[in-house]
Each structure stands twice: as structure tokens, then as C-alpha cells.
Amino acid sequence: MTLPKITIVTVVYNGKKLLEKTICSVLNQTYSNIEYIIVDGASTDGTTDLIRKYETSLSAWVSEKDNGIYHAMNKGVAMATGNWICFLNCGDVFVDEHTVQQIVNEIYDADIYYGNILVTAKEGMIERCASEPCNKHRMFFCHQSAFVKTALMQKYPFDETYKMSADLKFFKKCYYHSHKFHHLNFAVVIFDTSGVSNTNRVAGLKENVRAVKEMDRRFQKYFFLFRLYFTIIWLKMTKSRRTSS
């Protein structure tokens with residue numbers, strides 16, 4: 001039986017300090033049929049020197065200016081030749097060396113497989129469980145934990161006019177076109193919480209508002225918008241109180 005080819009894409013810009021652990025996490029996977037692609041946005045901090053260090057172990061890489069993270073991710077999709085694609089961002093790592101094999105063992109009839117994540121907290125590493133397949137005002141799983149049919153990503157490219165929430169729009173589009181999601185109830189990645197959507201939450205929620213307006217319908221749209229606007233106002237008020245105290 002032919003093993004499905006899994007494409008893993010890492011998008012990076014000036015990420016030298018975090019990239020190596022991501023590269024090693026992919027290269028140490030026990031699953032044999034992996035295509036690993038790195039898309040660099042013309043970094044100036046020595047990131048490309050690090051990529052060259054591992055060049056012979058990579059399937060492909062490119063370093064050139066782009067128009068943002070989703071433009072870079074679309075480049076990765078265009079370069080991919082695998083059956084499935086996973087975006088493992090700079091700084092993120094798989095839970096262990098058997099993770100990709102564990103995912104492949106679960107592949108059956110869905111179009112999108114996604115799992116849980118581990119995050120670092122004061123009390124140590126904790127697991128954040130994704131929701132069962134649904135439609136929400138926000139991502140109901142971490143994008144880095146998802147393995148998506150490459151053909152699906154080629155059919156619905158990321159909207160490059162977004163800076164933070166094009167993945168939410170993509171998965172909403174998949175949901176409304178009845179593509180099948182499957183939740184794998186185990187941790188897939190150790191998540192780096194320094195990403196842009198985590199450090200600038202209000203801006204990310206405002207883009208979620210845009211995605212909801214573009215993709216959702218009737219009552220569900222207005223319910224989601226209410227929740228988003230409420231959260232945005234609450235976060236701004238909380239920040240204001242902290243600043244004034």
C-alpha cells in the first residue's frame with residue numbers, strides 16, 4: 001500500500017531563534033513519506049543561514065519578499081505535492097516524533113483532521129482540547145493541529161487581504177461546502193503563544209468580525225457578531241482599567 005505523502009509547510013520571517021526547534025521536530029518524525037517546505041519572507045536576521053544548514057534534508061525552500069503570512073502560506077500550497085498539508089509555524093513543534101504517523105493512522109474519509117494542542121502554563125504543560133466539528137465565531141481548533149487535503153487548499157486559497165483570520169474564513173468556507181471535519185482527541189502540537197493573533201487579540205477579533213460578515217448567514221451571523229463585539233468591548237475596557245490603575 002502506498003503511504004500518503006504529507007506536506008508540512010513552515011512560514012517564517014526573522015525567526016532564527018525559534019525556527020531550528022521546528023525544523024528538528026519535522027525532520028525527527030518517524031513517518032517516512034514527508035515533504036517539508038519552508039517559505040521565508042526574505043529574513044534579515046540569519047534565518048536563511050539556518051535554513052541552508054538543513055537544506056539537504058528539506059524538500060524545497062524559498063526566501064523572497066511576500067505580502068504577508070497568508071501570501072506566504074499560499075506559496076507553500078502552490079509548492080506542495082503531498083496528499084495532505086499541515087502548516088507548522090515557526091516556533092511550533094509536534095508533540096513527539098510519532099505524531100505524523102499517529103495522524104496518518106487515523107486518516108479515513110474526512111477532508112480535514114485536527115487535534116488538540118499543548119501550551120505552556122505556570123503549572124506546566126496543559127492540553128487544550130479542540131471542539132467537535134461545528135461553526136463558530138472563532139477558530140474551534142488550532143490551525144497548526146490540522147491536516148487538510150491539499151486539493152482542498154488549492155481549491156480555496158487563503159484570502160490574502162486578511163492579516164490574521166484568513167484561516168477562519170477558509171474553514172468556514174469548507175464547513176458551508178459540506179467538507180467533512182474529524183476531531184482527533186489527542187495533542188498534535190506544542191503551540192507557540194507569541195504568534196501575531198495571540199499577541200494582538202483585539203485586531204484578530206476584528207478580522208473575525210469581517211469573516212463572519214462575509215461567510216455566515218441570518219441568525220447565526222448576528223449571534224456571532226454579538227459575541228465578537230461584546231468580547232472586543234470587554235477586552236478594551238479591561239485594558240483601559242489596567243492602564244489607569
# chains A, B, ... in the order shown; residues from 1 in each chain; ligands from 1

$ residues_around --residues "Arg128 in chain A" --least-positions-apart "4" --cutoff "8 Å" --atoms "only C-alpha atoms" --output "ChimeraX atom specification"
/A:116-119

$ write_last_selection --atoms "N, CA and C atoms" --output "CSV table (one decimal), in the first residue's frame"
chain,number,residue,atom,x,y,z
A,116,ASN,N,-5.8,18.3,19.3
A,116,ASN,CA,-5.7,19.3,20.4
A,116,ASN,C,-4.2,19.8,20.4
A,117,ILE,N,-4.0,20.8,21.3
A,117,ILE,CA,-2.7,21.4,21.4
A,117,ILE,C,-2.2,21.4,22.9
A,118,LEU,N,-0.9,21.5,23.1
A,118,LEU,CA,-0.3,21.7,24.4
A,118,LEU,C,0.2,23.1,24.4
A,119,VAL,N,0.0,23.7,25.6
A,119,VAL,CA,0.5,25.1,25.8
A,119,VAL,C,1.3,25.1,27.1

$ residues_around --residues "range 154-163 of chain A" --least-positions-apart "6" --cutoff "10 Å" --atoms "only C-alpha atoms" --output "PDB file with C-alpha atoms, in the first residue's frame"
ATOM      1  CA  ASN A  67       2.693  40.337   1.056  1.00  0.00           C
ATOM      2  CA  GLY A  68       2.018  38.810   4.468  1.00  0.00           C
ATOM      3  CA  ILE A  69       1.619  35.463   6.157  1.00  0.00           C
ATOM      4  CA  TYR A  70      -1.279  34.226   4.014  1.00  0.00           C
ATOM      5  CA  HIS A  71       0.538  35.101   0.801  1.00  0.00           C
ATOM      6  CA  ALA A  72       3.440  33.016   2.118  1.00  0.00           C
ATOM      7  CA  MET A  73       1.102  30.171   3.068  1.00  0.00           C
ATOM      8  CA  ASN A  74      -0.442  30.211  -0.404  1.00  0.00           C
ATOM      9  CA  LYS A  75       3.067  29.917  -1.825  1.00  0.00           C
ATOM     10  CA  VAL A  77       0.321  25.328  -1.016  1.00  0.00           C
ATOM     11  CA  ALA A  78       1.422  26.019  -4.606  1.00  0.00           C
ATOM     12  CA  ALA A  80       3.104  21.226  -2.213  1.00  0.00           C
ATOM     13  CA  LYS A 169     -12.622  32.215   6.556  1.00  0.00           C
ATOM     14  CA  PHE A 170     -11.113  29.160   4.832  1.00  0.00           C
ATOM     15  CA  PHE A 171     -12.539  26.695   7.358  1.00  0.00           C
ATOM     16  CA  LYS A 173     -15.933  28.006   3.541  1.00  0.00           C
ATOM     17  CA  CYS A 174     -15.143  24.312   3.959  1.00  0.00           C
ATOM     18  CA  VAL A 196       0.521  37.664  15.985  1.00  0.00           C
ATOM     19  CA  SER A 197      -3.087  36.573  16.581  1.00  0.00           C
ATOM     20  CA  ALA A 203      -7.145  43.094  15.987  1.00  0.00           C
ATOM     21  CA  GLY A 204      -7.660  39.372  15.416  1.00  0.00           C
ATOM     22  CA  GLU A 207     -10.875  40.345  11.462  1.00  0.00           C
ATOM     23  CA  ASN A 208     -13.122  37.565  12.763  1.00  0.00           C
ATOM     24  CA  ARG A 210     -15.146  40.551   8.851  1.00  0.00           C
ATOM     25  CA  ALA A 211     -15.014  36.783   8.233  1.00  0.00           C
TER      26      ALA A 211
END

$ closest_atom_pairs --of "range 95-115 of chain A" --to "range 131-145 of chain A" --cutoff "9 Å" --atoms "only C-alpha atoms" --output "JSON lines"
{"residue": "A:Tyr113", "atom": "CA", "partner": "A:Ser145", "partner_atom": "CA", "distance": 8.2}
{"residue": "A:Tyr114", "atom": "CA", "partner": "A:Ser145", "partner_atom": "CA", "distance": 5.3}
{"residue": "A:Gly115", "atom": "CA", "partner": "A:Ser145", "partner_atom": "CA", "distance": 5.3}

$ write_last_selection --atoms "C-alpha atoms" --output "CSV table (one decimal), in the first residue's frame"
chain,number,residue,atom,x,y,z
A,113,TYR,CA,-8.3,16.2,10.5
A,114,TYR,CA,-7.5,18.3,13.5
A,115,GLY,CA,-6.3,17.6,17.1

$ residues_around --residues "Leu3 in chain A" --least-positions-apart "3" --cutoff "10 Å" --atoms "only C-alpha atoms" --output "MDAnalysis selection string"
chainID A and resid 6 31:34 83 104

$ write_last_selection --atoms "N, CA and C atoms" --output "PDB file, in the first residue's frame"
ATOM      1  N   ILE A   6       2.661  13.445   3.092  1.00  0.00           N
ATOM      2  CA  ILE A   6       2.249  14.540   3.971  1.00  0.00           C
ATOM      3  C   ILE A   6       3.178  15.725   3.740  1.00  0.00           C
ATOM      4  N   TYR A  31       7.523   8.969  10.579  1.00  0.00           N
ATOM      5  CA  TYR A  31       6.792   8.703   9.338  1.00  0.00           C
ATOM      6  C   TYR A  31       7.705   9.016   8.159  1.00  0.00           C
ATOM      7  N   SER A  32       7.725   8.149   7.180  1.00  0.00           N
ATOM      8  CA  SER A  32       8.745   8.226   6.130  1.00  0.00           C
ATOM      9  C   SER A  32       8.380   9.097   4.935  1.00  0.00           C
ATOM     10  N   ASN A  33       7.082   9.271   4.646  1.00  0.00           N
ATOM     11  CA  ASN A  33       6.711   9.973   3.410  1.00  0.00           C
ATOM     12  C   ASN A  33       6.284  11.412   3.706  1.00  0.00           C
ATOM     13  N   ILE A  34       7.260  12.224   4.099  1.00  0.00           N
ATOM     14  CA  ILE A  34       7.017  13.620   4.429  1.00  0.00           C
ATOM     15  C   ILE A  34       7.738  14.525   3.438  1.00  0.00           C
ATOM     16  N   ASN A  83      -0.457  14.652  -0.509  1.00  0.00           N
ATOM     17  CA  ASN A  83      -1.901  14.429  -0.457  1.00  0.00           C
ATOM     18  C   ASN A  83      -2.558  15.279   0.620  1.00  0.00           C
ATOM     19  N   VAL A 104      -1.639   9.887  10.410  1.00  0.00           N
ATOM     20  CA  VAL A 104      -1.861   9.067   9.208  1.00  0.00           C
ATOM     21  C   VAL A 104      -2.660   7.813   9.548  1.00  0.00           C
TER      22      VAL A 104
END

$ closest_residue --among "A:Phe94, A:Phe191, A:Phe147, A:Tyr36" --to "Thr120 in chain A" --atoms "only C-alpha atoms"
A:Phe191

$ select_by_dssp --residues "range 4-241 of chain A" --states "helix (DSSP H, G or I)" --output "NGL selection string"
:A and (16-27 or 47-53 or 55-57 or 69-79 or 99-106 or 143-145 or 150-155 or 166-176 or 196-199 or 201-215 or 218-241)

$ write_last_selection --atoms "C-alpha atoms" --output "tab-separated table (two decimals), in the first residue's frame"
chain	number	residue	atom	x	y	z
A	16	LYS	CA	16.07	32.40	13.59
A	17	LYS	CA	15.74	31.97	17.36
A	18	LEU	CA	12.66	29.74	17.06
A	19	LEU	CA	12.99	28.04	13.68
A	20	GLU	CA	15.54	25.35	14.48
A	21	LYS	CA	13.34	23.54	17.00
A	22	THR	CA	10.52	23.50	14.42
A	23	ILE	CA	12.79	22.10	11.70
A	24	CYS	CA	14.14	19.40	14.03
A	25	SER	CA	10.61	18.47	15.10
A	26	VAL	CA	9.71	17.75	11.47
A	27	LEU	CA	12.96	16.02	10.49
A	47	THR	CA	17.23	32.76	9.25
A	48	THR	CA	18.34	31.82	5.73
A	49	ASP	CA	21.74	30.68	7.05
A	50	LEU	CA	19.91	28.34	9.42
A	51	ILE	CA	17.72	27.04	6.58
A	52	ARG	CA	20.85	26.34	4.49
A	53	LYS	CA	22.24	24.33	7.40
A	55	GLU	CA	18.95	22.37	3.14
A	56	THR	CA	19.79	18.79	2.16
A	57	SER	CA	17.00	17.49	4.42
A	69	ILE	CA	1.62	35.46	6.16
A	70	TYR	CA	-1.28	34.23	4.01
A	71	HIS	CA	0.54	35.10	0.80
A	72	ALA	CA	3.44	33.02	2.12
A	73	MET	CA	1.10	30.17	3.07
A	74	ASN	CA	-0.44	30.21	-0.40
A	75	LYS	CA	3.07	29.92	-1.83
A	76	GLY	CA	3.55	26.83	0.29
A	77	VAL	CA	0.32	25.33	-1.02
A	78	ALA	CA	1.42	26.02	-4.61
A	79	MET	CA	4.72	24.22	-3.96
A	99	THR	CA	2.81	12.49	15.72
A	100	VAL	CA	2.57	12.43	11.93
A	101	GLN	CA	2.39	8.63	11.92
A	102	GLN	CA	-0.37	8.84	14.53
A	103	ILE	CA	-2.31	11.24	12.30
A	104	VAL	CA	-1.86	9.07	9.21
A	105	ASN	CA	-3.15	6.05	11.12
A	106	GLU	CA	-6.43	7.93	11.66
A	143	HIS	CA	-4.75	25.64	12.68
A	144	GLN	CA	-1.31	24.12	13.33
A	145	SER	CA	-3.02	20.93	14.54
A	150	THR	CA	-4.02	19.61	-0.36
A	151	ALA	CA	-6.57	19.68	-3.16
A	152	LEU	CA	-8.97	21.50	-0.85
A	153	MET	CA	-6.40	24.17	-0.05
A	154	GLN	CA	-5.69	24.59	-3.74
A	155	LYS	CA	-9.40	24.96	-4.43
A	166	ALA	CA	-7.97	34.05	6.63
A	167	ASP	CA	-7.77	30.59	8.16
A	168	LEU	CA	-11.12	31.17	9.90
A	169	LYS	CA	-12.62	32.21	6.56
A	170	PHE	CA	-11.11	29.16	4.83
A	171	PHE	CA	-12.54	26.70	7.36
A	172	LYS	CA	-15.94	28.41	7.31
A	173	LYS	CA	-15.93	28.01	3.54
A	174	CYS	CA	-15.14	24.31	3.96
A	175	TYR	CA	-17.94	23.99	6.54
A	176	TYR	CA	-20.54	25.63	4.27
A	196	VAL	CA	0.52	37.66	15.99
A	197	SER	CA	-3.09	36.57	16.58
A	198	ASN	CA	-2.28	35.80	20.22
A	199	THR	CA	-0.34	38.99	20.98
A	201	ARG	CA	-6.15	39.73	20.20
A	202	VAL	CA	-8.47	42.69	19.53
A	203	ALA	CA	-7.15	43.09	15.99
A	204	GLY	CA	-7.66	39.37	15.42
A	205	LEU	CA	-11.24	39.53	16.70
A	206	LYS	CA	-11.97	42.48	14.40
A	207	GLU	CA	-10.87	40.34	11.46
A	208	ASN	CA	-13.12	37.57	12.76
A	209	VAL	CA	-15.98	40.09	12.51
A	210	ARG	CA	-15.15	40.55	8.85
A	211	ALA	CA	-15.01	36.78	8.23
A	212	VAL	CA	-18.39	36.29	9.92
A	213	LYS	CA	-19.95	39.10	7.87
A	214	GLU	CA	-18.62	37.55	4.65
A	215	MET	CA	-19.37	33.90	5.36
A	218	ARG	CA	-29.07	35.01	9.06
A	219	PHE	CA	-29.47	34.41	12.80
A	220	GLN	CA	-26.11	32.70	13.17
A	221	LYS	CA	-24.33	35.70	11.67
A	222	TYR	CA	-25.92	38.17	14.10
A	223	PHE	CA	-25.38	35.89	17.08
A	224	PHE	CA	-21.68	35.54	16.21
A	225	LEU	CA	-21.32	39.29	15.67
A	226	PHE	CA	-22.91	39.98	19.06
A	227	ARG	CA	-20.41	37.68	20.78
A	228	LEU	CA	-17.46	39.19	18.95
A	229	TYR	CA	-18.41	42.81	19.59
A	230	PHE	CA	-19.10	42.02	23.25
A	231	THR	CA	-15.65	40.41	23.62
A	232	ILE	CA	-13.90	43.30	21.85
A	233	ILE	CA	-15.58	45.88	24.11
A	234	TRP	CA	-14.80	43.81	27.22
A	235	LEU	CA	-11.11	43.47	26.26
A	236	LYS	CA	-10.81	47.21	25.60
A	237	MET	CA	-12.44	48.05	28.93
A	238	THR	CA	-10.18	45.61	30.76
A	239	LYS	CA	-7.09	47.12	29.12
A	240	SER	CA	-8.28	50.63	29.98
A	241	ARG	CA	-8.76	49.71	33.65

$ atom_distance --atom1 "CA of Phe181 in chain A" --atom2 "CA of Met164 in chain A"
21.7 Å

$ atom_distance --atom1 "CA of Lys65 in chain A" --atom2 "CA of Gly91 in chain A"
20.3 Å

$ closest_residue --among "A:Cys129, A:Ile8, A:Ile37, A:Leu58" --to "His183 in chain A" --atoms "only C-alpha atoms"
A:Cys129

$ residues_around --residues "Val11 in chain A" --least-positions-apart "3" --cutoff "6 Å" --atoms "only C-alpha atoms" --output "ChimeraX atom specification"
/A:38-40,89

$ write_last_selection --atoms "C-alpha atoms" --output "PDB file, in the first residue's frame"
ATOM      1  CA  ILE A  38       9.996  26.295   4.256  1.00  0.00           C
ATOM      2  CA  VAL A  39       8.748  29.639   2.957  1.00  0.00           C
ATOM      3  CA  ASP A  40      10.842  32.550   4.226  1.00  0.00           C
ATOM      4  CA  ASN A  89       4.518  27.668  12.170  1.00  0.00           C
TER       5      ASN A  89
END

$ select_by_dssp --residues "range 2-203 of chain A" --states "strand (DSSP E or B)" --output "PyMOL selection string"
chain A and resi 6-12+34-40+60-63+84-87+93-94+112-121+124-128+146-149+181-190
